[in-house]
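Below: input02.csv (CSV, C-alpha atoms and all ligand atoms)
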chain,number,residue,atom,x,y,z
A,1,MET,CA,-14.5,23.4,13.3
A,2,GLU,CA,-14.2,19.8,12.0
A,3,VAL,CA,-10.7,18.6,11.2
A,4,LYS,CA,-10.4,17.3,7.6
A,5,PRO,CA,-9.4,13.7,7.5
A,6,LEU,CA,-6.2,12.7,5.7
A,7,LEU,CA,-7.9,9.7,4.1
A,8,LYS,CA,-11.6,9.3,3.5
A,9,VAL,CA,-12.7,6.1,1.8
A,10,ASN,CA,-16.4,5.9,0.8
A,11,HIS,CA,-18.2,2.8,-0.3
A,12,LEU,CA,-15.2,1.3,-1.9
A,13,GLY,CA,-15.5,-1.9,-3.8
A,14,ILE,CA,-13.9,-4.2,-6.3
A,15,GLN,CA,-15.1,-7.2,-8.3
A,16,PHE,CA,-12.9,-9.8,-9.9
A,17,GLY,CA,-15.1,-11.7,-12.4
A,18,GLY,CA,-18.0,-13.0,-10.2
A,19,LEU,CA,-16.2,-12.4,-6.9
A,20,LYS,CA,-16.9,-9.2,-4.9
A,21,ALA,CA,-13.5,-9.1,-3.1
A,22,VAL,CA,-14.4,-5.9,-1.2
A,23,SER,CA,-17.8,-4.1,-1.0
A,24,GLU,CA,-19.0,-1.0,0.7
A,25,PHE,CA,-15.7,-0.4,2.5
A,26,ASN,CA,-15.5,2.9,4.5
A,27,LEU,CA,-12.6,4.2,6.4
A,28,THR,CA,-11.6,7.6,7.8
A,29,LEU,CA,-8.0,8.3,8.9
A,30,HIS,CA,-7.0,11.4,10.7
A,31,LYS,CA,-3.5,12.7,10.6
A,32,GLY,CA,-1.2,10.9,13.1
A,33,GLU,CA,-3.5,8.0,13.7
A,34,LEU,CA,-2.3,4.4,13.8
A,35,VAL,CA,-5.2,2.2,12.7
A,36,GLY,CA,-5.4,-1.6,12.2
A,37,LEU,CA,-7.1,-3.5,9.4
A,38,ILE,CA,-7.7,-7.1,10.4
A,39,GLY,CA,-9.7,-10.0,9.3
A,40,PRO,CA,-9.4,-13.7,8.5
A,41,ASN,CA,-7.4,-15.0,5.5
A,42,GLY,CA,-8.9,-13.9,2.2
A,43,ALA,CA,-11.0,-11.2,3.9
A,44,GLY,CA,-9.9,-8.5,1.4
A,45,LYS,CA,-7.3,-6.6,3.4
A,46,THR,CA,-4.5,-6.6,0.8
A,47,THR,CA,-7.1,-5.8,-1.9
A,48,VAL,CA,-7.9,-2.6,0.1
A,49,PHE,CA,-4.2,-1.7,0.1
A,50,ASN,CA,-4.0,-2.4,-3.6
A,51,MET,CA,-6.9,-0.1,-4.3
A,52,LEU,CA,-5.5,2.7,-2.1
A,53,THR,CA,-2.1,2.5,-3.9
A,54,GLY,CA,-3.6,2.3,-7.5
A,55,VAL,CA,-2.5,-1.3,-8.1
A,56,TYR,CA,-6.2,-2.1,-8.6
A,57,VAL,CA,-8.8,0.3,-9.9
A,58,PRO,CA,-11.9,0.2,-7.7
A,59,THR,CA,-15.2,-0.7,-9.4
A,60,GLU,CA,-17.2,1.3,-6.8
A,61,GLY,CA,-16.7,4.1,-4.4
A,62,GLU,CA,-14.1,6.8,-4.0
A,63,ILE,CA,-10.8,7.4,-2.2
A,64,ILE,CA,-10.2,11.0,-1.0
A,65,PHE,CA,-6.6,11.7,0.1
A,66,ASP,CA,-5.6,15.1,1.4
A,67,GLY,CA,-8.8,16.5,0.0
A,68,LYS,CA,-8.3,15.1,-3.5
A,69,LYS,CA,-9.8,12.1,-5.3
A,70,LEU,CA,-7.3,9.3,-5.9
A,71,ASN,CA,-9.3,6.8,-7.9
A,72,GLY,CA,-7.8,5.9,-11.3
A,73,LEU,CA,-4.4,7.4,-10.6
A,74,PRO,CA,-1.4,5.2,-11.4
A,75,PRO,CA,0.7,3.9,-8.4
A,76,TYR,CA,3.6,6.3,-9.0
A,77,LYS,CA,1.3,9.3,-8.9
A,78,ILE,CA,-0.2,8.1,-5.7
A,79,THR,CA,3.2,7.6,-4.2
A,80,ARG,CA,4.0,11.3,-5.1
A,81,ARG,CA,0.7,12.4,-3.5
A,82,GLY,CA,2.0,10.8,-0.3
A,83,ILE,CA,1.0,7.2,0.2
A,84,SER,CA,3.6,4.5,0.5
A,85,ARG,CA,3.4,0.8,1.4
A,86,THR,CA,5.2,-2.4,2.3
A,87,PHE,CA,4.2,-5.8,1.0
A,88,GLN,CA,3.2,-9.0,2.6
A,89,ASN,CA,6.0,-10.8,0.8
A,90,ILE,CA,9.0,-8.5,1.1
A,91,ARG,CA,9.7,-6.8,-2.2
A,92,LEU,CA,13.2,-5.4,-2.2
A,93,PHE,CA,15.7,-5.1,-5.0
A,94,ALA,CA,17.4,-8.3,-3.8
A,95,ASP,CA,20.7,-7.8,-5.8
A,96,LEU,CA,21.0,-4.1,-5.1
A,97,SER,CA,22.8,-2.8,-2.0
A,98,VAL,CA,20.9,-1.7,1.1
A,99,LEU,CA,21.8,1.9,0.2
A,100,ASP,CA,20.5,1.7,-3.3
A,101,ASN,CA,17.2,0.2,-2.1
A,102,VAL,CA,16.6,3.4,-0.2
A,103,ARG,CA,18.1,5.7,-2.8
A,104,ILE,CA,15.5,4.4,-5.3
A,105,GLY,CA,12.8,5.8,-3.1
A,106,TYR,CA,14.3,9.3,-3.3
A,107,HIS,CA,14.5,9.0,-7.1
A,108,THR,CA,10.7,8.5,-7.1
A,109,LEU,CA,10.4,12.0,-5.8
A,110,ALA,CA,13.3,13.6,-7.7
A,111,LYS,CA,12.7,15.6,-10.8
A,112,ASN,CA,15.4,13.7,-12.8
A,113,SER,CA,14.4,10.2,-13.6
A,114,LEU,CA,16.0,7.0,-12.4
A,115,LEU,CA,16.9,6.4,-16.1
A,116,SER,CA,18.8,9.7,-16.3
A,117,SER,CA,20.7,8.7,-13.2
A,118,ILE,CA,21.5,5.3,-14.5
A,119,LEU,CA,22.7,6.8,-17.7
A,120,ARG,CA,24.5,9.5,-15.5
A,121,LEU,CA,23.1,12.3,-17.5
A,122,PRO,CA,24.1,15.8,-16.2
A,123,PRO,CA,21.0,16.7,-14.0
A,124,HIS,CA,21.7,13.6,-12.0
A,125,PHE,CA,24.8,15.0,-10.4
A,126,SER,CA,23.1,18.1,-9.0
A,127,ASN,CA,21.3,16.2,-6.1
A,128,GLU,CA,22.9,12.8,-6.2
A,129,LYS,CA,25.3,13.6,-3.3
A,130,GLU,CA,22.4,15.0,-1.3
A,131,MET,CA,20.3,11.9,-2.0
A,132,LYS,CA,23.2,9.6,-0.9
A,133,GLU,CA,23.7,11.6,2.4
A,134,LYS,CA,19.9,11.5,3.1
A,135,SER,CA,19.8,7.8,2.4
A,136,ILE,CA,22.6,7.1,4.8
A,137,GLU,CA,20.8,9.3,7.4
A,138,PHE,CA,17.7,7.2,6.8
A,139,LEU,CA,19.6,3.9,7.2
A,140,LYS,CA,21.0,5.2,10.6
A,141,ILE,CA,17.5,5.6,11.9
A,142,PHE,CA,16.8,2.0,11.0
A,143,ARG,CA,20.2,0.9,12.4
A,144,LEU,CA,21.2,-0.4,8.9
A,145,ASP,CA,23.8,2.1,8.0
A,146,HIS,CA,26.7,-0.3,8.8
A,147,LEU,CA,25.2,-2.6,6.2
A,148,LYS,CA,24.8,0.0,3.4
A,149,ASP,CA,27.0,-1.8,0.9
A,150,GLU,CA,25.5,-5.3,1.6
A,151,LYS,CA,23.1,-6.8,-1.0
A,152,ALA,CA,19.6,-6.7,0.4
A,153,LYS,CA,19.1,-10.4,-0.1
A,154,ASN,CA,22.0,-11.1,2.3
A,155,LEU,CA,20.3,-9.4,5.3
A,156,PRO,CA,18.6,-11.5,7.9
A,157,TYR,CA,14.8,-11.6,7.6
A,158,GLY,CA,14.0,-9.1,10.4
A,159,MET,CA,16.5,-6.6,8.9
A,160,GLN,CA,15.0,-7.0,5.4
A,161,ARG,CA,11.6,-6.1,6.9
A,162,ARG,CA,13.2,-3.0,8.5
A,163,LEU,CA,14.8,-2.1,5.2
A,164,GLU,CA,11.5,-2.4,3.4
A,165,ILE,CA,10.0,0.1,5.8
A,166,ALA,CA,12.9,2.4,5.3
A,167,ARG,CA,12.5,2.1,1.5
A,168,ALA,CA,8.8,2.9,1.9
A,169,LEU,CA,9.5,6.0,4.0
A,170,SER,CA,12.2,7.3,1.6
A,171,THR,CA,9.4,8.5,-0.7
A,172,GLY,CA,8.3,10.9,2.1
A,173,PRO,CA,4.8,9.6,2.6
A,174,LYS,CA,2.1,11.1,4.8
A,175,LEU,CA,0.4,7.8,5.0
A,176,LEU,CA,2.2,4.5,5.4
A,177,LEU,CA,0.5,1.2,4.7
A,178,LEU,CA,2.1,-1.7,6.3
A,179,ASP,CA,1.0,-5.2,5.1
A,180,GLU,CA,1.9,-7.8,7.8
A,181,PRO,CA,5.2,-6.3,8.8
A,182,ALA,CA,5.6,-8.8,11.7
A,183,ALA,CA,5.1,-11.9,9.5
A,184,GLY,CA,7.9,-14.3,10.0
A,185,MET,CA,9.4,-12.3,12.8
A,186,ASN,CA,10.4,-13.8,16.1
A,187,PRO,CA,8.9,-12.3,19.4
A,188,LYS,CA,12.0,-10.2,19.9
A,189,GLU,CA,11.9,-8.8,16.4
A,190,THR,CA,8.2,-8.1,16.8
A,191,THR,CA,8.7,-6.1,19.9
A,192,GLU,CA,11.5,-4.1,18.2
A,193,LEU,CA,9.1,-3.6,15.3
A,194,MET,CA,6.5,-2.2,17.6
A,195,ASP,CA,9.0,0.3,19.0
A,196,LEU,CA,10.1,1.2,15.5
A,197,MET,CA,6.6,1.9,14.4
A,198,ALA,CA,6.0,4.2,17.4
A,199,PHE,CA,9.3,5.9,16.7
A,200,ILE,CA,8.8,6.5,12.9
A,201,ARG,CA,5.3,7.7,13.5
A,202,GLU,CA,6.6,10.5,15.7
A,203,GLN,CA,9.8,11.1,13.7
A,204,PHE,CA,8.1,11.3,10.3
A,205,ASP,CA,4.8,12.8,11.3
A,206,LEU,CA,3.1,9.7,9.9
A,207,THR,CA,-0.3,8.3,9.7
A,208,ILE,CA,-0.2,4.5,9.6
A,209,LEU,CA,-2.7,1.8,8.4
A,210,LEU,CA,-1.5,-1.6,9.5
A,211,ILE,CA,-2.6,-5.1,8.3
A,212,GLU,CA,-1.4,-7.6,10.8
A,213,HIS,CA,-2.4,-11.1,11.9
A,214,ASP,CA,-0.4,-10.8,15.1
A,215,MET,CA,-3.2,-9.8,17.5
A,216,LYS,CA,-0.9,-8.9,20.3
A,217,LEU,CA,0.8,-6.4,18.1
A,218,VAL,CA,-2.4,-5.0,16.6
A,219,MET,CA,-4.3,-4.8,19.9
A,220,GLY,CA,-1.2,-3.3,21.6
A,221,ILE,CA,-0.4,-0.6,19.2
A,222,CYS,CA,-3.5,0.5,17.3
A,223,GLU,CA,-5.9,3.2,18.5
A,224,ARG,CA,-8.7,2.0,16.3
A,225,ILE,CA,-9.3,-1.2,14.3
A,226,SER,CA,-11.4,-2.0,11.3
A,227,VAL,CA,-12.4,-5.6,10.7
A,228,LEU,CA,-13.1,-7.2,7.3
A,229,ASP,CA,-14.7,-10.5,6.7
A,230,HIS,CA,-15.5,-11.8,3.2
A,231,GLY,CA,-15.0,-8.4,1.8
A,232,LEU,CA,-17.3,-6.6,4.2
A,233,LEU,CA,-16.6,-4.3,7.1
A,234,ILE,CA,-18.0,-6.2,10.1
A,235,ALA,CA,-16.8,-4.0,12.9
A,236,GLU,CA,-14.7,-1.0,13.8
A,237,GLY,CA,-13.7,0.6,17.1
A,238,THR,CA,-11.1,0.5,19.8
A,239,PRO,CA,-9.2,-2.7,20.3
A,240,GLU,CA,-11.4,-3.4,23.3
A,241,GLU,CA,-14.6,-2.9,21.3
A,242,VAL,CA,-13.4,-5.0,18.4
A,243,ARG,CA,-12.1,-7.8,20.6
A,244,ASN,CA,-15.5,-8.2,22.2
A,245,HIS,CA,-17.6,-7.7,19.1
A,246,PRO,CA,-19.9,-10.7,18.4
A,247,LYS,CA,-19.3,-10.6,14.6
A,248,VAL,CA,-15.6,-10.5,15.1
A,249,ILE,CA,-15.6,-13.4,17.5
A,250,GLU,CA,-17.8,-15.3,14.9
A,251,ALA,CA,-15.4,-14.5,12.0
A,252,TYR,CA,-12.5,-15.7,14.0
A,253,LEU,CA,-14.4,-18.8,15.2
A,254,GLY,CA,-12.1,-21.1,17.0
A,255,GLU,CA,-9.4,-18.5,17.3
A,256,GLU,CA,-8.9,-16.4,20.3
A,257,VAL,CA,-9.1,-12.7,19.3
A,258,GLY,CA,-6.6,-10.9,21.5
A,259,GLU,CA,-4.2,-13.8,21.5
A,260,GLU,CA,-1.4,-14.2,19.1
A,261,HIS,CA,-2.5,-15.6,15.7
A,262,ALA,CA,-0.1,-16.3,12.9
A,301,LIG,N1,-6.2,-10.0,-8.8
A,301,LIG,C1,-7.1,-10.8,-8.3
A,301,LIG,N2,-7.9,-11.6,-9.1
A,301,LIG,C2,-8.9,-12.4,-8.6
A,301,LIG,N3,-9.1,-12.5,-7.3
A,301,LIG,C3,-8.4,-11.8,-6.4
A,301,LIG,C4,-7.4,-10.9,-6.9
A,301,LIG,N4,-6.8,-10.3,-5.8
A,301,LIG,C5,-7.5,-10.7,-4.7
A,301,LIG,N5,-8.4,-11.6,-5.1
A,301,LIG,C6,-9.3,-12.3,-4.2
A,301,LIG,O1,-9.9,-11.4,-3.3
A,301,LIG,C7,-10.1,-12.0,-2.0
A,301,LIG,C8,-9.4,-11.1,-1.0
A,301,LIG,O2,-8.0,-11.3,-1.1
A,301,LIG,P1,-6.9,-10.5,-0.2
A,301,LIG,O3,-5.6,-11.0,-0.7
A,301,LIG,O4,-7.2,-9.1,-0.3
A,301,LIG,O5,-7.2,-11.1,1.2
A,301,LIG,P2,-6.4,-10.8,2.6
A,301,LIG,O6,-7.5,-10.4,3.6
A,301,LIG,O7,-5.3,-9.8,2.3
A,301,LIG,O8,-5.9,-12.2,2.9
A,301,LIG,P3,-4.6,-12.7,3.7
A,301,LIG,O9,-4.7,-12.4,5.1
A,301,LIG,O10,-4.6,-14.2,3.5
A,301,LIG,O11,-3.4,-12.0,3.1
A,301,LIG,C9,-9.6,-13.4,-2.1
A,301,LIG,O12,-10.7,-14.3,-2.4
A,301,LIG,C10,-8.6,-13.3,-3.3
A,301,LIG,O13,-8.5,-14.6,-3.9
In structure tokens, how does this file's structure come out?
Ligand SMILES: Nc1ncnc2c1ncn2[C@@H]1O[C@H](COP(=O)(O)OP(=O)(O)OP(=O)(O)O)[C@@H](O)[C@H]1O
Amino acid sequence: MEVKPLLKVNHLGIQFGGLKAVSEFNLTLHKGELVGLIGPNGAGKTTVFNMLTGVYVPTEGEIIFDGKKLNGLPPYKITRRGISRTFQNIRLFADLSVLDNVRIGYHTLAKNSLLSSILRLPPHFSNEKEMKEKSIEFLKIFRLDHLKDEKAKNLPYGMQRRLEIARALSTGPKLLLLDEPAAGMNPKETTELMDLMAFIREQFDLTILLIEHDMKLVMGICERISVLDHGLLIAEGTPEEVRNHPKVIEAYLGEEVGEEHA
């Protein structure tokens, strides 16, 4: 019997004015996979993430997640269905504490709204303690618990990236979309990130789709890779297949695919 994919994207496309940013994009992700999405600058990678998370409404095609169509749903509903993401440019609540950045993720799932908790309305108290405990447990996994009361903006860059992943996971996703998580990291931080990704994938039973320019990371960690160029899927396969694909070599002309590329 064929196993149902977690995510099935069929002929997805979006047009901005006269520009077809992405066309005929297909992707199948099975539970537990770690798949890379690569391509030169402006290829359409973040646009794919924006369509998967409801930030952009696709003009063509369909997104099926966990057997249900996602197109047209607002971002918060997509989060509740089980897709979470990080951003190319870190988006944390800079002036909130490390703990509150993670707690907000739990509120996305909670029945009582964030507003009710800010106003400290009665339902808020029923699970606030539990949320705080869970958030601290989370921070422990990311080795950030000792910084729980620190403002997010005061964390060193590598830790902010880690916190962003923690925040994304606090909504309990089945699918995690990581948009250039190693950007701006030094080699030591990048190696730690690779270990962290392997760990969270096991720990949280995750499926991961990763956009990354660091080829060493992508080739080293992904089981499959899809390559976009000018909004079109030009290759997909194992790291080895993709690395040697003529269209990929052409798209990255002048750059060594398989070597680090920032
Ligand atoms: N809201 C928008 N309005 C108009 N054009 C857009 C919009 N969002 C993206 N684009 C265009 O779509 C194309 C793909 O952009 P996208 O950011 O998805 O590329 P990318 O592969 O993520 O690039 P990078 O690696 O540089 O982050 C670009 O030409 C970009 O200018």
Show me which residues sit within 7 Å of ligand LIG 301 (chain A) when counting only C-alpha atoms and all ligand atoms, and put them as a ChimeraX atom specification. /A:16,21,39-48,231
Please identify all polymer residues within 12 Å of Thr190 of chain A, counting only C-alpha atoms, omitting same-chain residues fewer than 2 positions from it, and present them as a count of residues only. 29
Mind checking which residues fall within 8 Å of Leu144 of chain A, counting all atoms listed in the file, ignoring those fewer than 5 positions away in the same chain, and posting them as an NGL selection string? :A and (98 or 139 or 159 or 163)
What does the structure give for the distance between atom CA of Gly13 of chain A and atom CA of Asn89 of chain A, in Å to one decimal?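 Distance between the two atoms: 23.7 Å.
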Considering only C-alpha atoms, can you say which of A:Thr53, A:Ser23, A:Thr59, A:Asn71 comes closest to Ile234 of chain A?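 Checking each of A:Thr53, A:Ser23, A:Thr59, A:Asn71 against Ile234 of chain A, counting only C-alpha atoms, the winner is A:Ser23.
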To one decimal place in Å, what is the distance between atom CA of Ser97 of chain A and atom CA of Ala152 of chain A? 5.6 Å
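One distance worth recording is that between atom CA of Arg167 of chain A and atom CA of Asn101 of chain A, which is 6.2 Å.
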Could you check which of A:Leu99, A:Met131, A:Ile165, A:Leu155 is closest to Leu177 of chain A, using all atoms listed in the file? A:Ile165
As a list of chain:residue names, please: the residues near Thr171 of chain A (cut-off 12 Å, only C-alpha atoms, same-chain neighbours under 5 positions excluded).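 Counting only C-alpha atoms, the residues come to A:Tyr76, A:Lys77, A:Ile78, A:Thr79, A:Arg80, A:Arg81, A:Gly82, A:Ile83, A:Ser84, A:Arg85, A:Asn101, A:Val102, A:Arg103, A:Ile104, A:Gly105, A:Tyr106, A:His107, A:Thr108, A:Leu109, A:Ala110, A:Met131, A:Lys134, A:Ser135, A:Phe138, A:Glu164, A:Ile165, A:Ala166, A:Leu176, A:Phe204.
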If you count only C-alpha atoms, which residues fall within 9 Å of Leu70 of chain A, apart from same-chain ones fewer than 2 positions away, as a PyMOL selection string? chain A and resi 52-54+62-65+68+72-73+78+81
Which one is closest to Glu60 of chain A: A:Thr238, A:Asn244, A:Gln160, A:Gln15? Count only C-alpha atoms.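 Smallest separation from Glu60 of chain A among the options: A:Gln15.
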I need the residue nearest Leu232 of chain A from this list: A:Leu7, A:Leu209, A:Val248, A:Met219. Use all atoms listed in the file for the distance.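 Counting all atoms listed in the file, the residue closest to Leu232 of chain A is A:Val248.
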Which polymer residues have any atom within 10 Å of an atom of Gly67 of chain A, counting all atoms listed in the file, with same-chain residues fewer than 5 positions away left out, as a PyMOL selection string? chain A and resi 4-8
Show me as a PDB file with C-alpha atoms, keeping the file's coordinate frame the residues that reach within 6 Å of (-0.7, 10.7, 6.6), counting all atoms listed in the file and using the file's own coordinates.
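Wrote out.pdb, looks like this:
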ATOM      1  CA  LEU A   6      -6.200  12.700   5.700  1.00  0.00           C
ATOM      2  CA  LYS A  31      -3.500  12.700  10.600  1.00  0.00           C
ATOM      3  CA  LYS A 174       2.100  11.100   4.800  1.00  0.00           C
ATOM      4  CA  LEU A 175       0.400   7.800   5.000  1.00  0.00           C
ATOM      5  CA  LEU A 206       3.100   9.700   9.900  1.00  0.00           C
ATOM      6  CA  THR A 207      -0.300   8.300   9.700  1.00  0.00           C
TER       7      THR A 207
END
Can you fill out segment 134-152 of chain A with N, CA and C atoms and hand it back as a tab-separated table (two decimals), keeping the file's coordinate frame?
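Result file follows (out18.tsv):
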chain	number	residue	atom	x	y	z
A	134	LYS	N	21.25	11.72	2.44
A	134	LYS	CA	19.90	11.50	3.10
A	134	LYS	C	19.65	10.05	3.27
A	135	SER	N	20.01	9.25	2.27
A	135	SER	CA	19.80	7.80	2.40
A	135	SER	C	20.52	7.20	3.52
A	136	ILE	N	21.76	7.66	3.72
A	136	ILE	CA	22.60	7.10	4.80
A	136	ILE	C	21.95	7.56	6.17
A	137	GLU	N	21.48	8.80	6.22
A	137	GLU	CA	20.80	9.30	7.40
A	137	GLU	C	19.62	8.38	7.76
A	138	PHE	N	18.88	8.05	6.71
A	138	PHE	CA	17.70	7.20	6.80
A	138	PHE	C	18.13	5.82	7.40
A	139	LEU	N	19.18	5.27	6.81
A	139	LEU	CA	19.60	3.90	7.20
A	139	LEU	C	20.06	3.96	8.70
A	140	LYS	N	20.58	5.11	9.16
A	140	LYS	CA	21.00	5.20	10.60
A	140	LYS	C	19.77	5.07	11.47
A	141	ILE	N	18.69	5.70	11.09
A	141	ILE	CA	17.50	5.60	11.90
A	141	ILE	C	17.03	4.16	12.05
A	142	PHE	N	17.24	3.41	10.99
A	142	PHE	CA	16.80	2.00	11.00
A	142	PHE	C	17.94	1.05	11.42
A	143	ARG	N	18.99	1.61	11.90
A	143	ARG	CA	20.20	0.90	12.40
A	143	ARG	C	20.65	-0.11	11.26
A	144	LEU	N	20.69	0.40	10.04
A	144	LEU	CA	21.20	-0.40	8.90
A	144	LEU	C	22.33	0.23	8.18
A	145	ASP	N	22.79	1.38	8.70
A	145	ASP	CA	23.80	2.10	8.00
A	145	ASP	C	25.13	1.33	7.86
A	146	HIS	N	25.42	0.51	8.87
A	146	HIS	CA	26.70	-0.30	8.80
A	146	HIS	C	26.59	-1.35	7.73
A	147	LEU	N	25.39	-1.59	7.20
A	147	LEU	CA	25.20	-2.60	6.20
A	147	LEU	C	24.92	-2.00	4.79
A	148	LYS	N	25.22	-0.71	4.64
A	148	LYS	CA	24.80	0.00	3.40
A	148	LYS	C	25.25	-0.63	2.13
A	149	ASP	N	26.43	-1.25	2.14
A	149	ASP	CA	27.00	-1.80	0.90
A	149	ASP	C	26.61	-3.30	0.70
A	150	GLU	N	25.92	-3.85	1.67
A	150	GLU	CA	25.50	-5.30	1.60
A	150	GLU	C	24.34	-5.42	0.62
A	151	LYS	N	24.32	-6.54	-0.11
A	151	LYS	CA	23.10	-6.80	-1.00
A	151	LYS	C	21.93	-7.05	-0.08
A	152	ALA	N	20.78	-6.53	-0.47
A	152	ALA	CA	19.60	-6.70	0.40
A	152	ALA	C	19.26	-8.11	0.68
